[in-house]
Amino acid sequence: MALTVSIVSAASEVWSGEASQVIARTTEGEIGILTGHEPVLAVLAEGQVRVTDSTGTVHSVEAEDGFLSVDHDRVEIVARNAKLA
Amino acid sequence: MGAQLRVYTQKIKSAQTTKKITKAMELIAASRIQKALARVHASTPYARALTRAVSAVATYSNEAHPLTVERPQLKRAAIVVLTSDRGLAGAFNSQIIREASELRVKLESEGKEVDHYLVGNKAVGYFKFRKRASIQAWTGQSETPSPELAQEIAEAVLEAYVSEQVDEIHIVYNRFVSMMTQEPTSVRLLPLEVVEAESAESAEHFPLYEFEPEPAQVLDALLPVYVESRIFNALLQSAAAKQAATQKAMKSASDNADKLITDYTRLRNNARQAEITTQISEIVGGADALASAK
């Protein structure tokens, strides 16, 4: 089972798809998410979000002013400003 | 050519020129609706994700937050009025202004004083002409509103709310229902009505969700953004609705011009025929007179 990830900014959807791992920076520190992670809602710190998709490619996204939510292997990263780095 | 004939020809020409302009505006509006709608759709995932996050906090923790709690005494309310910068859109702006003043009357009858925040030249012009006060106004961006504009408006109203200058905030805008319909809508923005579907569940269910940092801080960060996204969505809907209203208004203007052209062409033909008839009867009369004089 893979993670379903969607990264959205205020104006549009930046990236979405299946992923095996997501690493993000929250205000408390870095958080890594694999499948079966418990539900989390976290405030993101400014920085990169790295998504490893099912083929192993790593996508990095600059995110600012946002949130990360995980619920039943659905990862949502919501940021006011976000763009592919 | 007789005077009557000339007048009709002139009127036909003027209707034709008007039709050219309205037809062009109709086509421009039609192409802009698609763009405006695409922007509404592009911002939907963001709004949806935020709504989900807010309802997650509301469902999995029993945090009370100043932005969601109704104050015991509601003394002052603010209305954010979203109009367009330019007219030629039928009843688009007047129906918003009517909706806003109905809301104001309702709030005042509940004993609240009302402040206004205006977006768009049309609302500003209306208030200025009637010498009514507004707290703040934004103009020049009604066609393609940016997220920054939504942020500015959100900051202004949130500051007024948090500093307890106002106790509730409403927003009035044209909702885009379809190409043919725009619905003036008023929504209470603050205090937030968070959809609490399963809030009736007992407190033991809360630890399911983990918040980082604490639920209170997450809410602190989340709610202003949520308010901002609601405002942004309203701005985008209003922009799309404006284009649809323009298209509709310009289409009926073109149709009207068409009708005028047909009507005046008939009248002109009539006048021409009458002129010819007069001329013929004059000639016949003259010939008769000459013949009888011989």
# chains A, B, ... in the order shown; residues from 1 in each chain; ligands from 1
>>> residues_around(residues="B:Asn233", least_positions_apart="4", cutoff="8 Å", atoms="only C-alpha atoms", output="list in words")
Val40, Ser43, Thr44, Ala47, Ser229 and Gln237 of chain B
>>> write_last_selection(atoms="C-alpha atoms", output="mmCIF file, in the first residue's frame")
data_model
loop_
_atom_site.group_PDB
_atom_site.id
_atom_site.type_symbol
_atom_site.label_atom_id
_atom_site.label_comp_id
_atom_site.auth_asym_id
_atom_site.auth_seq_id
_atom_site.Cartn_x
_atom_site.Cartn_y
_atom_site.Cartn_z
ATOM 1 C CA VAL B 40 -11.882 28.652 -9.044
ATOM 2 C CA SER B 43 -8.045 26.748 -5.725
ATOM 3 C CA THR B 44 -10.591 24.126 -4.719
ATOM 4 C CA ALA B 47 -9.885 24.983 0.280
ATOM 5 C CA SER B 229 -9.100 30.712 1.857
ATOM 6 C CA GLN B 237 -16.391 33.090 -7.472
#
>>> closest_atom_pairs(of="chain B", to="chain A", cutoff="6 Å", atoms="only C-alpha atoms", output="CSV")
residue,atom,partner,partner_atom,distance
B:Ala42,CA,A:Ser12,CA,4.5
B:Ser43,CA,A:Ala11,CA,5.0
B:Tyr46,CA,A:Val8,CA,5.5
B:Tyr209,CA,A:Pro39,CA,5.0
B:Glu210,CA,A:Val40,CA,4.6
B:Phe211,CA,A:Leu41,CA,5.0
B:Glu212,CA,A:Ala42,CA,4.4
>>> residues_around(residues="A:Val51", least_positions_apart="2", cutoff="6 Å", atoms="only C-alpha atoms", output="PyMOL selection string")
chain A and resi 21-22+58-59
>>> write_last_selection(atoms="N, CA and C atoms", output="PDB file, in the first residue's frame")
ATOM      1  N   GLN A  21       7.290   7.436   0.575  1.00  0.00           N
ATOM      2  CA  GLN A  21       7.791   8.129   1.759  1.00  0.00           C
ATOM      3  C   GLN A  21       7.668   9.634   1.591  1.00  0.00           C
ATOM      4  N   VAL A  22       7.338  10.296   2.692  1.00  0.00           N
ATOM      5  CA  VAL A  22       7.274  11.761   2.674  1.00  0.00           C
ATOM      6  C   VAL A  22       8.067  12.282   3.857  1.00  0.00           C
ATOM      7  N   VAL A  58      12.856  11.205  -6.145  1.00  0.00           N
ATOM      8  CA  VAL A  58      12.552  12.130  -5.058  1.00  0.00           C
ATOM      9  C   VAL A  58      12.130  13.475  -5.637  1.00  0.00           C
ATOM     10  N   HIS A  59      10.964  13.943  -5.228  1.00  0.00           N
ATOM     11  CA  HIS A  59      10.502  15.270  -5.635  1.00  0.00           C
ATOM     12  C   HIS A  59      10.627  16.186  -4.436  1.00  0.00           C
TER      13      HIS A  59
END
>>> closest_residue(among="A:Ala82, A:Arg25, A:His37, A:Glu30", to="A:Ala2", atoms="only C-alpha atoms")
A:His37
>>> atom_distance(atom1="atom CA of B:Val69", atom2="atom CA of B:Leu208")
24.2 Å
>>> residues_around(residues="stretch 76-82 of chain B", least_positions_apart="4", cutoff="8 Å", atoms="only C-alpha atoms", output="list in words")
Ile96, Ile97, Ala100, Arg104, Leu107, Lys112, Glu113, Val114, Asp115, His116, Tyr117, Leu118, Val119, Gly120, Ala123, Gln165, Val166, Asp167, Glu168, Ile169, His170, Ile171, Val172, Tyr173, Asn174, Leu235 and Ser238 of chain B
>>> select_by_dssp(residues="stretch 61-231 of chain B", states="strand (DSSP E or B)", output="number ranges by chain")
B: 76-82, 113-119, 136-138, 168-176, 182-190, 210-212
>>> atom_distance(atom1="atom CA of B:Ala257", atom2="atom CA of B:Ser94")
23.6 Å
